[in-house]
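Source file: model-v1.cif; contents: mmCIF, C-alpha atoms.
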data_query
loop_
_atom_site.label_atom_id
_atom_site.label_comp_id
_atom_site.auth_asym_id
_atom_site.auth_seq_id
_atom_site.Cartn_x
_atom_site.Cartn_y
_atom_site.Cartn_z
CA MET A 182 -17.21 40.13 -35.59
CA SER A 183 -16.72 36.42 -36.16
CA ASN A 184 -13.27 35.06 -35.47
CA SER A 185 -13.81 31.87 -37.40
CA PRO A 186 -11.52 31.52 -40.41
CA ARG A 187 -13.02 32.27 -43.81
CA THR A 188 -12.29 30.46 -47.03
CA VAL A 189 -10.79 33.00 -49.39
CA VAL A 190 -10.07 32.46 -53.08
CA ILE A 191 -7.56 34.86 -54.64
CA THR A 192 -6.65 34.49 -58.28
CA GLY A 193 -3.17 35.38 -59.48
CA GLY A 194 -1.69 35.17 -56.00
CA SER A 195 1.84 34.09 -56.73
CA ARG A 196 3.38 37.53 -57.10
CA GLY A 197 2.77 41.28 -57.03
CA LEU A 198 -0.55 42.59 -55.77
CA GLY A 199 -2.08 39.11 -55.58
CA ALA A 200 0.73 37.91 -53.32
CA GLY A 201 0.16 40.90 -51.07
CA ILE A 202 -3.54 40.03 -50.77
CA VAL A 203 -2.74 36.36 -50.08
CA GLN A 204 -0.32 37.39 -47.34
CA SER A 205 -2.93 39.67 -45.80
CA PHE A 206 -5.51 36.88 -45.51
CA LEU A 207 -2.94 34.39 -44.21
CA ASP A 208 -2.04 37.00 -41.59
CA SER A 209 -5.71 37.34 -40.62
CA GLY A 210 -5.91 33.58 -39.99
CA ASP A 211 -8.07 32.64 -42.96
CA ARG A 212 -7.91 29.65 -45.32
CA VAL A 213 -6.52 30.83 -48.63
CA ALA A 214 -6.68 29.21 -52.06
CA SER A 215 -4.84 30.74 -54.95
CA CYS A 216 -3.74 29.95 -58.45
CA SER A 217 -1.45 31.16 -61.16
CA ARG A 218 0.26 29.65 -64.13
CA SER A 219 3.31 28.68 -62.08
CA ALA A 220 4.43 28.57 -58.47
CA THR A 221 6.98 31.01 -57.11
CA ASP A 222 9.39 30.79 -54.17
CA GLN A 223 6.82 32.76 -52.17
CA VAL A 224 4.14 30.16 -52.94
CA ARG A 225 6.44 27.33 -51.92
CA LEU A 226 7.17 29.13 -48.64
CA TRP A 227 3.46 29.55 -47.91
CA GLU A 228 2.86 25.88 -48.67
CA LYS A 229 5.58 25.00 -46.17
CA GLU A 230 4.49 27.42 -43.45
CA HIS A 231 0.68 27.27 -43.86
CA GLY A 232 0.07 23.98 -45.60
CA ASP A 233 -3.01 23.27 -43.51
CA ARG A 234 -4.77 26.41 -44.68
CA PHE A 235 -3.10 27.35 -47.94
CA LEU A 236 -3.94 25.71 -51.23
CA PHE A 237 -2.15 26.57 -54.44
CA VAL A 238 -3.08 25.20 -57.85
CA GLU A 239 -1.02 25.81 -60.96
CA ALA A 240 -3.71 26.91 -63.38
CA ASP A 241 -4.21 29.30 -66.25
CA ILE A 242 -7.73 30.46 -65.47
CA ALA A 243 -8.13 31.84 -68.99
CA ASP A 244 -8.47 28.14 -69.82
CA ARG A 245 -11.97 27.21 -68.65
CA THR A 246 -11.06 23.59 -67.99
CA GLN A 247 -8.25 24.66 -65.67
CA SER A 248 -10.43 27.31 -64.04
CA THR A 249 -13.14 24.76 -63.33
CA ALA A 250 -10.59 22.32 -61.91
CA PHE A 251 -9.28 25.05 -59.60
CA ALA A 252 -12.76 25.90 -58.30
CA LYS A 253 -13.54 22.22 -57.76
CA ALA A 254 -10.27 21.69 -55.89
CA VAL A 255 -11.13 24.50 -53.48
CA ILE A 256 -14.69 23.29 -52.90
CA GLU A 257 -13.56 19.70 -52.47
CA ARG A 258 -11.07 20.76 -49.83
CA TRP A 259 -13.12 23.29 -47.87
CA GLY A 260 -16.72 22.86 -49.01
CA SER A 261 -17.68 26.46 -49.44
CA VAL A 262 -16.17 29.80 -50.38
CA ASP A 263 -16.71 32.91 -48.28
CA VAL A 264 -14.61 35.41 -50.22
CA LEU A 265 -13.55 35.64 -53.86
CA VAL A 266 -10.92 38.16 -54.93
CA ASN A 267 -10.65 38.33 -58.71
CA ASN A 268 -7.13 39.66 -58.99
CA ALA A 269 -5.53 37.81 -61.89
CA GLY A 270 -4.84 40.10 -64.78
CA VAL A 271 -2.44 40.89 -67.53
CA ALA A 272 -1.44 44.17 -69.15
CA ARG A 273 -0.17 44.56 -72.68
CA ASP A 274 0.75 48.12 -73.51
CA GLY A 275 0.84 49.60 -76.94
CA ILE A 276 -0.92 52.08 -79.17
CA LEU A 277 -4.16 50.56 -80.39
CA ALA A 278 -3.33 51.18 -84.04
CA LEU A 279 -0.35 48.86 -83.62
CA PHE A 280 -1.93 46.42 -81.19
CA SER A 281 -2.13 42.80 -82.27
CA ASP A 282 -5.29 40.70 -82.19
CA GLU A 283 -3.36 38.11 -80.20
CA ASP A 284 -2.57 40.60 -77.44
CA THR A 285 -6.18 41.78 -77.47
CA ASP A 286 -7.39 38.22 -76.96
CA THR A 287 -4.84 37.58 -74.21
CA VAL A 288 -5.93 40.61 -72.21
CA ILE A 289 -9.68 40.09 -72.66
CA ASP A 290 -9.52 36.33 -72.07
CA LEU A 291 -7.82 36.69 -68.69
CA ASN A 292 -8.98 40.06 -67.35
CA LEU A 293 -12.62 39.73 -68.35
CA LYS A 294 -13.72 36.30 -69.54
CA ALA A 295 -11.78 34.37 -66.90
CA THR A 296 -13.13 36.65 -64.18
CA ILE A 297 -16.69 36.07 -65.35
CA HIS A 298 -16.20 32.31 -65.62
CA LEU A 299 -14.69 31.84 -62.17
CA SER A 300 -17.19 34.24 -60.58
CA ARG A 301 -20.05 32.20 -62.00
CA GLN A 302 -18.74 29.04 -60.40
CA ILE A 303 -18.10 30.65 -57.04
CA VAL A 304 -21.39 32.56 -57.00
CA ARG A 305 -23.21 29.25 -57.37
CA ASN A 306 -21.39 27.99 -54.30
CA MET A 307 -22.20 31.20 -52.41
CA LEU A 308 -25.89 30.89 -53.37
CA ALA A 309 -25.92 27.37 -51.95
CA HIS A 310 -24.13 28.46 -48.77
CA ASP A 311 -26.02 31.58 -47.80
CA GLY A 312 -23.80 34.41 -48.95
CA GLY A 313 -20.31 35.69 -49.53
CA ARG A 314 -18.12 38.54 -50.60
CA ILE A 315 -16.65 39.24 -54.04
CA VAL A 316 -14.01 41.86 -54.76
CA ASN A 317 -12.86 42.51 -58.30
CA ILE A 318 -9.50 44.18 -58.73
CA SER A 319 -10.06 46.88 -61.29
CA SER A 320 -7.94 49.86 -62.25
CA ILE A 321 -8.11 53.61 -62.53
CA THR A 322 -7.28 53.08 -66.20
CA GLY A 323 -10.87 51.86 -66.56
CA LEU A 324 -12.11 55.15 -65.14
CA THR A 325 -9.81 57.75 -66.68
CA GLY A 326 -8.13 56.02 -69.58
CA TYR A 327 -4.39 55.84 -70.10
CA ARG A 328 -2.55 56.18 -73.38
CA GLY A 329 -1.26 52.78 -74.49
CA LEU A 330 -3.64 50.82 -72.27
CA THR A 331 -6.81 50.92 -74.35
CA VAL A 332 -7.62 47.22 -74.22
CA TYR A 333 -6.50 46.81 -70.62
CA GLY A 334 -8.57 49.85 -69.62
CA ALA A 335 -11.55 48.50 -71.53
CA THR A 336 -11.43 45.22 -69.61
CA LYS A 337 -11.24 47.06 -66.30
CA ALA A 338 -14.18 49.29 -67.18
CA ALA A 339 -16.07 46.15 -68.13
CA ILE A 340 -15.21 44.59 -64.78
CA ASP A 341 -16.72 47.62 -63.03
CA GLY A 342 -19.93 47.14 -65.04
CA PHE A 343 -19.90 43.43 -64.21
CA THR A 344 -19.52 44.34 -60.54
CA ARG A 345 -22.57 46.59 -60.54
CA ALA A 346 -24.81 44.15 -62.41
CA LEU A 347 -23.81 41.15 -60.32
CA ALA A 348 -24.30 43.16 -57.13
CA ARG A 349 -27.90 43.79 -58.20
CA GLU A 350 -28.45 40.13 -59.09
CA VAL A 351 -27.27 38.59 -55.84
CA GLY A 352 -27.63 41.38 -53.30
CA SER A 353 -30.74 39.80 -51.81
CA ARG A 354 -28.77 36.63 -51.08
CA LYS A 355 -26.21 38.17 -48.72
CA ILE A 356 -23.57 38.40 -51.42
CA THR A 357 -21.79 41.70 -51.88
CA VAL A 358 -19.81 42.54 -55.02
CA ASN A 359 -17.43 45.48 -55.24
CA SER A 360 -14.50 46.65 -57.33
CA ILE A 361 -11.28 48.25 -56.24
CA ALA A 362 -9.91 50.60 -58.87
CA SER A 363 -6.25 50.45 -58.08
CA GLY A 364 -3.83 53.18 -58.94
CA TYR A 365 -0.23 52.58 -59.93
CA LEU A 366 1.58 50.15 -57.65
CA ARG A 367 5.21 49.30 -57.25
CA THR A 368 4.75 45.80 -58.67
CA GLU A 369 5.62 43.89 -61.81
CA MET A 370 2.51 45.34 -63.47
CA SER A 371 4.10 48.80 -63.50
CA HIS A 372 7.38 47.57 -64.94
CA GLY A 373 6.18 48.44 -68.43
CA LEU A 374 6.38 52.09 -67.46
CA ASP A 375 9.72 53.83 -67.76
CA ASP A 376 11.25 55.98 -65.03
CA GLY A 377 9.96 59.17 -66.64
CA GLN A 378 6.41 57.90 -66.65
CA LEU A 379 6.64 56.63 -63.07
CA ASN A 380 8.11 59.92 -61.85
CA GLN A 381 5.31 61.81 -63.59
CA ILE A 382 2.72 59.64 -61.87
CA VAL A 383 4.34 60.23 -58.50
CA ARG A 384 4.45 64.00 -59.08
CA ARG A 385 0.74 64.03 -59.89
CA THR A 386 -0.22 61.84 -56.92
CA PRO A 387 -1.28 63.82 -53.84
CA ALA A 388 0.05 61.06 -51.56
CA GLY A 389 3.44 61.51 -53.26
CA ARG A 390 4.29 57.88 -53.89
CA LEU A 391 3.33 54.79 -55.82
CA GLY A 392 1.07 52.33 -54.07
CA GLU A 393 2.11 49.16 -52.31
CA PRO A 394 0.19 45.87 -52.46
CA ASP A 395 -0.74 46.29 -48.82
CA ASP A 396 -2.53 49.57 -49.62
CA ILE A 397 -4.95 47.52 -51.72
CA ALA A 398 -5.03 44.48 -49.43
CA ARG A 399 -6.29 46.61 -46.53
CA ALA A 400 -9.15 47.88 -48.71
CA VAL A 401 -10.02 44.31 -49.70
CA GLN A 402 -10.12 43.32 -46.03
CA PHE A 403 -12.47 46.25 -45.36
CA LEU A 404 -14.87 45.30 -48.15
CA VAL A 405 -15.05 41.63 -47.12
CA ASP A 406 -15.56 42.34 -43.43
CA GLU A 407 -18.82 40.61 -42.52
CA ARG A 408 -20.05 43.83 -40.92
CA ASN A 409 -19.84 45.62 -44.27
CA ASP A 410 -22.93 44.09 -45.82
CA TRP A 411 -24.35 47.43 -46.93
CA ILE A 412 -21.52 48.26 -49.32
CA THR A 413 -22.14 46.63 -52.66
CA GLY A 414 -21.98 47.47 -56.35
CA GLN A 415 -19.34 50.12 -55.73
CA VAL A 416 -15.99 50.98 -57.25
CA LEU A 417 -13.58 52.03 -54.53
CA VAL A 418 -10.69 54.06 -55.91
CA ILE A 419 -7.39 53.47 -54.10
CA ASP A 420 -4.80 55.55 -55.90
CA GLY A 421 -3.17 57.99 -53.52
CA GLY A 422 -5.51 60.65 -54.81
CA LEU A 423 -4.20 60.59 -58.39
CA THR A 424 -7.67 60.79 -59.93
CA CYS A 425 -9.31 63.06 -57.39
CA MET B 1216 -41.44 7.51 -52.50
CA THR B 1217 -37.65 7.00 -52.72
CA ASP B 1218 -35.04 8.41 -50.38
CA LYS B 1219 -33.70 10.53 -53.24
CA GLN B 1220 -37.16 11.93 -53.96
CA ASP B 1221 -37.65 12.73 -50.26
CA SER B 1222 -34.27 14.41 -50.22
CA ILE B 1223 -35.08 16.53 -53.28
CA LEU B 1224 -38.44 17.59 -51.85
CA ALA B 1225 -36.77 18.57 -48.56
CA LEU B 1226 -34.11 20.54 -50.43
CA ILE B 1227 -36.74 22.46 -52.41
CA GLN B 1228 -38.75 23.10 -49.25
CA SER B 1229 -35.64 24.54 -47.56
CA LEU B 1230 -35.10 26.81 -50.57
CA LEU B 1231 -38.67 28.08 -50.34
CA GLU B 1232 -38.26 28.76 -46.63
CA ARG B 1233 -35.14 30.81 -47.36
CA SER B 1234 -37.21 32.78 -49.88
CA ASP B 1235 -40.04 33.44 -47.40
CA LYS B 1236 -42.29 30.99 -49.24
CA GLY B 1237 -42.33 28.42 -46.46
CA ASP B 1238 -46.13 28.15 -46.64
CA VAL B 1239 -45.97 26.72 -50.16
CA VAL B 1240 -46.38 22.93 -50.16
CA VAL B 1241 -43.99 21.04 -52.43
CA THR B 1242 -45.18 17.87 -54.08
CA VAL B 1243 -43.57 15.82 -56.78
CA ASP B 1244 -46.11 17.18 -59.26
CA SER B 1245 -45.48 20.84 -58.42
CA PRO B 1246 -44.53 23.03 -61.39
CA LEU B 1247 -41.38 25.00 -60.59
CA HIS B 1248 -42.62 28.25 -62.11
CA GLY B 1249 -45.89 30.17 -62.22
CA ASP B 1250 -48.49 30.94 -59.61
CA GLU B 1251 -49.99 27.47 -59.93
CA GLY B 1252 -46.71 26.01 -58.79
CA LEU B 1253 -43.72 27.08 -56.70
CA ALA B 1254 -43.43 30.43 -58.49
CA LEU B 1255 -39.64 30.31 -58.57
CA ASP B 1256 -38.11 33.41 -60.11
CA SER B 1257 -34.85 33.36 -62.08
CA LEU B 1258 -32.63 33.86 -59.02
CA GLU B 1259 -34.46 31.18 -57.05
CA THR B 1260 -34.07 28.84 -60.02
CA ALA B 1261 -30.33 29.57 -60.00
CA GLU B 1262 -30.26 28.85 -56.27
CA LEU B 1263 -32.07 25.56 -56.82
CA SER B 1264 -29.56 24.63 -59.50
CA ALA B 1265 -26.65 25.48 -57.17
CA LEU B 1266 -28.19 23.63 -54.22
CA LEU B 1267 -28.79 20.51 -56.31
CA GLU B 1268 -25.22 20.56 -57.61
CA ASP B 1269 -23.87 21.14 -54.12
CA GLU B 1270 -25.87 18.21 -52.76
CA TYR B 1271 -25.61 15.69 -55.57
CA GLY B 1272 -22.61 16.80 -57.64
CA THR B 1273 -24.65 17.45 -60.78
CA ASP B 1274 -27.89 19.23 -61.56
CA PRO B 1275 -30.31 19.17 -64.47
CA PHE B 1276 -29.96 22.88 -65.25
CA GLY B 1277 -26.18 22.59 -65.44
CA ALA B 1278 -26.64 19.61 -67.74
CA GLY B 1279 -28.47 21.84 -70.18
CA LEU B 1280 -31.96 20.60 -69.33
CA MET B 1281 -34.89 22.76 -68.36
CA PRO B 1282 -37.04 20.88 -65.85
CA GLU B 1283 -40.57 22.20 -65.51
CA THR B 1284 -41.71 20.23 -62.48
CA VAL B 1285 -40.26 18.64 -59.37
CA ALA B 1286 -40.92 15.30 -61.07
CA ASP B 1287 -38.57 16.32 -63.90
CA ILE B 1288 -35.82 16.87 -61.34
CA VAL B 1289 -36.50 13.54 -59.65
CA ALA B 1290 -36.44 11.89 -63.06
CA PHE B 1291 -33.05 13.44 -63.83
CA TYR B 1292 -31.52 11.79 -60.80
CA SER B 1293 -33.26 8.53 -61.61
CA GLY B 1294 -31.39 8.48 -64.91
CA GLU B 1295 -34.45 9.51 -66.85
CA GLY B 1296 -33.43 13.09 -67.39
CA GLU B 1297 -32.70 12.53 -71.05
CA SER B 1298 -36.42 12.78 -71.75
CA VAL B 1299 -36.70 16.28 -70.27
CA PRO B 1300 -36.85 18.81 -73.11
CA ALA B 1301 -33.96 21.26 -73.29
#

Is it possible to express this structure as structure tokens?
Amino acid sequence: MSNSPRTVVITGGSRGLGAGIVQSFLDSGDRVASCSRSATDQVRLWEKEHGDRFLFVEADIADRTQSTAFAKAVIERWGSVDVLVNNAGVARDGILALFSDEDTDTVIDLNLKATIHLSRQIVRNMLAHDGGRIVNISSITGLTGYRGLTVYGATKAAIDGFTRALAREVGSRKITVNSIASGYLRTEMSHGLDDGQLNQIVRRTPAGRLGEPDDIARAVQFLVDERNDWITGQVLVIDGGLTC
Amino acid sequence: MTDKQDSILALIQSLLERSDKGDVVVTVDSPLHGDEGLALDSLETAELSALLEDEYGTDPFGAGLMPETVADIVAFYSGEGESVPA
């Protein structure tokens, strides 16, 4: 296994699951670039402690101009990208019959269209630099459905389809593309669920707890390991057994 | 032959070698597609586009053009790309 640091791009890395994935790759000695709409105290700490190998750009990647500027900033600084983790996402819960068009656009623009746009830019760089790894953070709600998360679940199911198609397109060029269908984590994304809903999820989860960001980060590290070049186009479910 | 043209030919040759087509000879008149030319498929065309952008900062495909020959690509970087049909 190579010990040379990789250049890793992680969207939505300022908090929650994204922050956990950023921390994991900083811990493994890699160069990490991340973005979100605003910096957090955690981001400022990383900039102070790892300024030579941590790049943060305030960007709303649902805005294509800002997404392009982010990708260019990474490539200008480090030349090529080895790993892309499409993590940025937003959830809006609500029964579809009462769901607004504005919320629909917000969820689709970030979860799906922004992922496609940034992936396109980074794939071009990977094609020019002889390979790479892409991991899309999906959700079990795209596999099983969850009441009140119709649009969110639809975007995650779409991301799984995007994963499979892109894996077929670029597999011959040493680029692997996989999804991680995450279960319910103890992060801001689950704050829309009340205690009753969270307790119900825990009761139904064989592992008996909600997930932690590090549960997902370890799976990301596995999928992007350079030895794992025969795993591509897959959706890896990490949910404590909830959907088994 | 200009330095830029030499550089473009070398870049395309390196792409062909990566695609196990190293025996194909690239000339400025070579068509990019079809058996009479370099026979680039869609993925190889995407790779060429990415390699050109990586090397020169822009590329004719990304600019919305559809070059048919190596000469069309050379012309793009000579500032003559406007004449290449989209």

Do you know which residues the PyMOL selection byres ((chain A) within 8 of (chain B)) returns on this file, as a PDB file with C-alpha atoms, in the frame of the given file?
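selection.pdb was written with the following content:
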ATOM      1  CA  ARG A 305     -23.210  29.250 -57.370  1.00  0.00           C
ATOM      2  CA  ASN A 306     -21.390  27.990 -54.300  1.00  0.00           C
ATOM      3  CA  LEU A 308     -25.890  30.890 -53.370  1.00  0.00           C
ATOM      4  CA  ALA A 309     -25.920  27.370 -51.950  1.00  0.00           C
ATOM      5  CA  GLU A 350     -28.450  40.130 -59.090  1.00  0.00           C
ATOM      6  CA  VAL A 351     -27.270  38.590 -55.840  1.00  0.00           C
TER       7      VAL A 351
END

Exercise. Quick one: of A:Leu277, A:Val224, A:Leu417, A:Val189, who's nearest to A:Asp341, counting all atoms listed in the file?
Worked result: A:Leu417

For this session: Would you mind listing what lies within 8 Å of A:Ala243 as a VMD selection string, with only C-alpha atoms counted and same-chain residues fewer than 5 positions away left out?
Result: chain A and resid 248 290 to 291 294 to 295

Write out the residues from the selection above, keeping C-alpha atoms, as an mmCIF file, in the frame of the given file.
data_model
loop_
_atom_site.group_PDB
_atom_site.id
_atom_site.type_symbol
_atom_site.label_atom_id
_atom_site.label_comp_id
_atom_site.auth_asym_id
_atom_site.auth_seq_id
_atom_site.Cartn_x
_atom_site.Cartn_y
_atom_site.Cartn_z
ATOM 1 C CA SER A 248 -10.430 27.310 -64.040
ATOM 2 C CA ASP A 290 -9.520 36.330 -72.070
ATOM 3 C CA LEU A 291 -7.820 36.690 -68.690
ATOM 4 C CA LYS A 294 -13.720 36.300 -69.540
ATOM 5 C CA ALA A 295 -11.780 34.370 -66.900
#

Problem set entry | Residues matched by the PyMOL selection byres ((chain B and resi 1283) around 8), written as a list in words | Pro1246, Leu1247, His1248, Met1281, Pro1282, Thr1284, Val1285 and Asp1287 of chain B

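Nearest-residue note for A:Ile356: choosing from A:Thr344, A:Ser219, A:Thr192, A:Thr368, the minimum distance belongs to A:Thr344, counting all atoms listed in the file.
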
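We find atom CA of A:Phe237 and atom CA of A:Thr296 to be spaced 17.8 Å apart.
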
Starting from the structure just given, write a file holding stretch 1281-1293 of chain B with N, CA and C atoms, as a compact mmCIF listing (two decimals), in the first residue's frame.
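decode-v6.txt was written with the following content:
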# COMPACT_ATOMS: atom_id res chain seq x y z
N MET B 1281 -16.66 20.96 -31.86
CA MET B 1281 -16.59 19.52 -32.11
C MET B 1281 -15.52 19.26 -33.18
N PRO B 1282 -14.24 19.32 -32.78
CA PRO B 1282 -13.18 19.11 -33.77
C PRO B 1282 -13.26 17.73 -34.38
N GLU B 1283 -12.97 17.67 -35.66
CA GLU B 1283 -13.03 16.39 -36.38
C GLU B 1283 -11.65 15.83 -36.65
N THR B 1284 -10.65 16.73 -36.67
CA THR B 1284 -9.29 16.28 -36.98
C THR B 1284 -8.32 16.89 -35.98
N VAL B 1285 -7.11 16.36 -35.98
CA VAL B 1285 -6.06 16.95 -35.14
C VAL B 1285 -5.83 18.40 -35.55
N ALA B 1286 -5.92 18.66 -36.84
CA ALA B 1286 -5.74 20.05 -37.32
C ALA B 1286 -6.76 20.99 -36.71
N ASP B 1287 -7.99 20.52 -36.51
CA ASP B 1287 -9.01 21.37 -35.88
C ASP B 1287 -8.58 21.75 -34.45
N ILE B 1288 -7.97 20.80 -33.76
CA ILE B 1288 -7.52 21.09 -32.39
C ILE B 1288 -6.37 22.09 -32.42
N VAL B 1289 -5.43 21.87 -33.32
CA VAL B 1289 -4.31 22.81 -33.45
C VAL B 1289 -4.84 24.20 -33.78
N ALA B 1290 -5.82 24.24 -34.66
CA ALA B 1290 -6.39 25.53 -35.06
C ALA B 1290 -7.05 26.23 -33.87
N PHE B 1291 -7.69 25.46 -33.00
CA PHE B 1291 -8.33 26.05 -31.82
C PHE B 1291 -7.31 26.80 -30.98
N TYR B 1292 -6.17 26.18 -30.80
CA TYR B 1292 -5.15 26.83 -29.94
C TYR B 1292 -4.37 27.90 -30.69
N SER B 1293 -4.57 27.95 -31.99
CA SER B 1293 -3.95 29.04 -32.77
C SER B 1293 -4.92 30.22 -32.89
